[in-house]
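Encoded as structure tokens, the structure appears first; notes follow it.
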Amino acid sequence: MNSPKDDVLVVGAGATGLATALALSEAGRQVRVIDAGKLGGATSHGNCGTITPSHAPPLAAPGVPLRALRWMLSPQAPLYIPPRLDPALWRWLLKFAARCNRHDWLRSAQGRAALLNDSRQRLADWVQHYQLDCEFAEKGLDYVFRQQRNFDVHAAECGALAELGIATEIIDGGAYLRAEPAFNDGVVGAIRFPGDASLRPDRYTAELGRILRARDVLIEEDCSVRSFEPHGHGVRVQTNRGSRDASELVLATGAWSPRLAARLGLRVPIQAGKGYSITGSCAMQVPSRPVVLKDRSVFVIAWAEQMRLGGTMEFSGQDPRLNGTRLQALEQAARQYLRQPIGEVIHERWYGWRPMTWDDMPILGRSPLHAHVWLAAGHGMLGISMSSGSGQLMADLITGRAPAIDPAPYRVERFQ
């Protein structure tokens, strides 16, 4: 079947695509969203739902390559790279390693902070304005440490974070344990980020879908792209459900973006960073706010009826297997830190592919090859955190309005 021409067609019904659709709808544009799967069913589904300006510092930091070399061959380490012949991955890793210096760290941190801070406030506004039922909470987030050296290194960075507009509180280990009885003895300190927030990601995307449908935005699930045909007045998209014509096309397809962008002649250096989570019933004792078990890079968050352990980074391509060793690493970290690491009932063991760029910043803006094609991808581990700010920036660029933040750091031309 063929459909009438759409004003804007958004490919991808994850957090970024849905937020872009909402911001465009608010700007008065007619929008259609299509997805090869279900709304919010891919990477947006099983993450920990933290809204984290605290994560402005990029992964590419001084000292990371040496730590990565120690980790990369251990299946239980925070970073795991199974040995395989993949020239694109090794080129990506070399680019990433080249940015592990203070100058590039600061440039990426500034770009990430601008988008994260804008998105944090914008999301709170959306929750209030649209009454989003997604367990949104503004309790902050804690980094918790059992290794004194690691705690000292991160505490020393708090001054640089303050320059990025990110507030911190340093807490002594003894004081932290007295306030947080869910933790085992051995905590040497914690860093609190009072400006962070959290939500349940599956409910967040479901609520965005509800609002969009109420605004007459058509969302088509199980609608996969087969080809693109850009032309002078827009783009024709061939799908398994017929063709879709649009004046403007937005690719918000996460880790699948390189494959789709290649059909348009675009090189998008995104690698799929595989992350894992375990969702279960709540333990009797849980941390009072979301925490990162920082020595092991594992997140813990408790909602009203569930809690989730999440983390790890695995560069294994788009391997669809659930790696039990990686899941065990989450549970072992939680047992080391928490008296009750998770509840008795396990609801889901999950993995998802994070779209990682080597400069750890998203790609937001117009394609340099096609006037009517736009990219909104590469958010790494921060898709939920950056979703509302990214959506608004995309809407501003598409409609020609002055954007709230400088769009230059996120342009795809930096990779061309």
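Ligands are numbered from 1 in the order shown, chains are lettered A, B, ... in the order of the structure tokens, and residues start at 1 in each chain.
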Strand (DSSP E) positions in segment 117-167 of chain A, given as a PyMOL selection string: chain A and resi 141-145
Tell me, counting only C-alpha atoms, for each residue of segment 83-151 of chain A within 10 Å of segment 193-212 of chain A, which pair of atoms is nearest and how far apart they are in Å to one decimal, in rows ordered by chain and increasing number, as CSV.
residue,atom,partner,partner_atom,distance
A:Leu116,CA,A:Asp196,CA,10.0
A:Asn117,CA,A:Gly195,CA,9.2
A:Arg120,CA,A:Asp196,CA,7.8
A:Gln121,CA,A:Gly195,CA,9.8
A:Leu123,CA,A:Ala197,CA,9.9
A:Ala124,CA,A:Ala197,CA,9.1
A:Trp126,CA,A:Leu208,CA,9.6
A:Val127,CA,A:Tyr204,CA,9.3
A:Tyr130,CA,A:Ile211,CA,7.4
A:Gln131,CA,A:Glu207,CA,9.0
A:Leu132,CA,A:Glu207,CA,5.9
A:Asp133,CA,A:Glu207,CA,6.7
A:Cys134,CA,A:Arg203,CA,4.8
A:Glu135,CA,A:Leu199,CA,5.0
A:Phe136,CA,A:Leu199,CA,4.3
A:Ala137,CA,A:Ser198,CA,5.4
A:Glu138,CA,A:Ala197,CA,4.4
A:Lys139,CA,A:Ala197,CA,5.9
A:Gly140,CA,A:Pro194,CA,4.1
A:Leu141,CA,A:Phe193,CA,5.2
A:Asp142,CA,A:Phe193,CA,6.1
A:Tyr143,CA,A:Phe193,CA,8.1
Surrounding residues of Ala60 of chain A excluding itself and chain neighbours under 2 positions, 9 Å, only C-alpha atoms, as a VMD selection string: chain A and resid 57 to 58 62 to 65 96 to 101 104 to 105 108 358 to 360
Sorted per-residue table, segment 142-239 of chain A near segment 34-45 of chain A, closest atoms and distance, 6 Å, only C-alpha atoms, as JSON lines:
{"residue": "A:Asp202", "atom": "CA", "partner": "A:His45", "partner_atom": "CA", "distance": 5.2}
{"residue": "A:Thr205", "atom": "CA", "partner": "A:Gly40", "partner_atom": "CA", "distance": 5.4}
{"residue": "A:Ile219", "atom": "CA", "partner": "A:Ile34", "partner_atom": "CA", "distance": 5.8}
{"residue": "A:Glu220", "atom": "CA", "partner": "A:Ile34", "partner_atom": "CA", "distance": 4.7}
{"residue": "A:Glu221", "atom": "CA", "partner": "A:Asp35", "partner_atom": "CA", "distance": 5.1}
{"residue": "A:Asp222", "atom": "CA", "partner": "A:Ala36", "partner_atom": "CA", "distance": 4.5}
{"residue": "A:Cys223", "atom": "CA", "partner": "A:Ala36", "partner_atom": "CA", "distance": 4.7}
{"residue": "A:Ser224", "atom": "CA", "partner": "A:Ala36", "partner_atom": "CA", "distance": 4.1}
Could you save those same residues with C-alpha atoms as a compact mmCIF listing (two decimals), in the first residue's frame?
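The resulting result.txt:
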# COMPACT_ATOMS: atom_id res chain seq x y z
CA ASP A 202 9.61 1.14 29.50
CA THR A 205 8.49 5.30 26.07
CA ILE A 219 3.02 5.14 15.02
CA GLU A 220 3.53 2.06 12.87
CA GLU A 221 5.19 -0.91 14.55
CA ASP A 222 6.68 -3.92 12.70
CA CYS A 223 7.37 -1.63 9.74
CA SER A 224 10.95 -2.19 8.55
Minimum-distance residue to Ile398 of chain A, chosen among A:Glu229, A:Asp7, A:Glu344, A:Glu305 (using only C-alpha atoms): A:Asp7
Selection: 10 Å around segment 293-295 of chain A, only C-alpha atoms, excl. self and same-chain fewer than 5 positions, as a ChimeraX atom specification: /A:78,142-151,154,190-191,300,311,330,333-334,336-338
Per-residue DSSP, segment 71-283 of chain A, filtered to helix (DSSP H, G or I), as a VMD selection string: chain A and resid 71 87 to 98 102 to 130 148 to 156 158 to 163 173 to 179 201 to 214 254 to 262
Surrounding residues of Gly383 of chain A excluding itself and chain neighbours under 3 positions, 7 Å, only C-alpha atoms, as a PyMOL selection string: chain A and resi 15-16+379-380+386-387
Near-Val250 of chain A list (9 Å; only C-alpha atoms; drop same-chain fewer than 4 positions) as a PyMOL selection string: chain A and resi 8-12+17+20+366+372-376+394
Residue among A:Leu164, A:His347, A:Ala371, A:Leu89 lying closest to Arg107 of chain A, counting only C-alpha atoms: A:Leu164
Length of the atom CA of Ser297 of chain A to atom CA of Gln76 of chain A vector [Å]: 11.3 Å
Separation of atom CA of Ala214 of chain A from atom CA of Thr52 of chain A in Å: 28.8 Å
Among listed residues A:Leu106, A:Ala175, A:Met307, A:Leu369, nearest Cys48 of chain A (using only C-alpha atoms):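 Selected residue with least distance to Cys48 of chain A: A:Met307.
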Which residue of A:Gly391, A:Pro53, A:Gly242, A:Gly111 approaches Ala19 of chain A most closely, using only C-alpha atoms: A:Gly391
For Pro4 of chain A: contacts at 10 Å, only C-alpha atoms, fewer than 6 positions along chain excluded, given as a ChimeraX atom specification: /A:243-246
Could you write out the selected residues, including C-alpha atoms, as a PDB file, in the first residue's frame?
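Full text of again.pdb as output:
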ATOM      1  CA  SER A 243       6.143   2.994   0.453  1.00  0.00           C
ATOM      2  CA  ARG A 244       6.114   6.053   2.686  1.00  0.00           C
ATOM      3  CA  ASP A 245       6.759   9.505   1.217  1.00  0.00           C
ATOM      4  CA  ALA A 246       7.934  12.358   3.422  1.00  0.00           C
TER       5      ALA A 246
END
Which residue of A:Val188, A:Arg414, A:Arg401, A:Thr357 approaches Leu24 of chain A most closely, using only C-alpha atoms: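 For Leu24 of chain A, the nearest of the candidates is A:Arg401.
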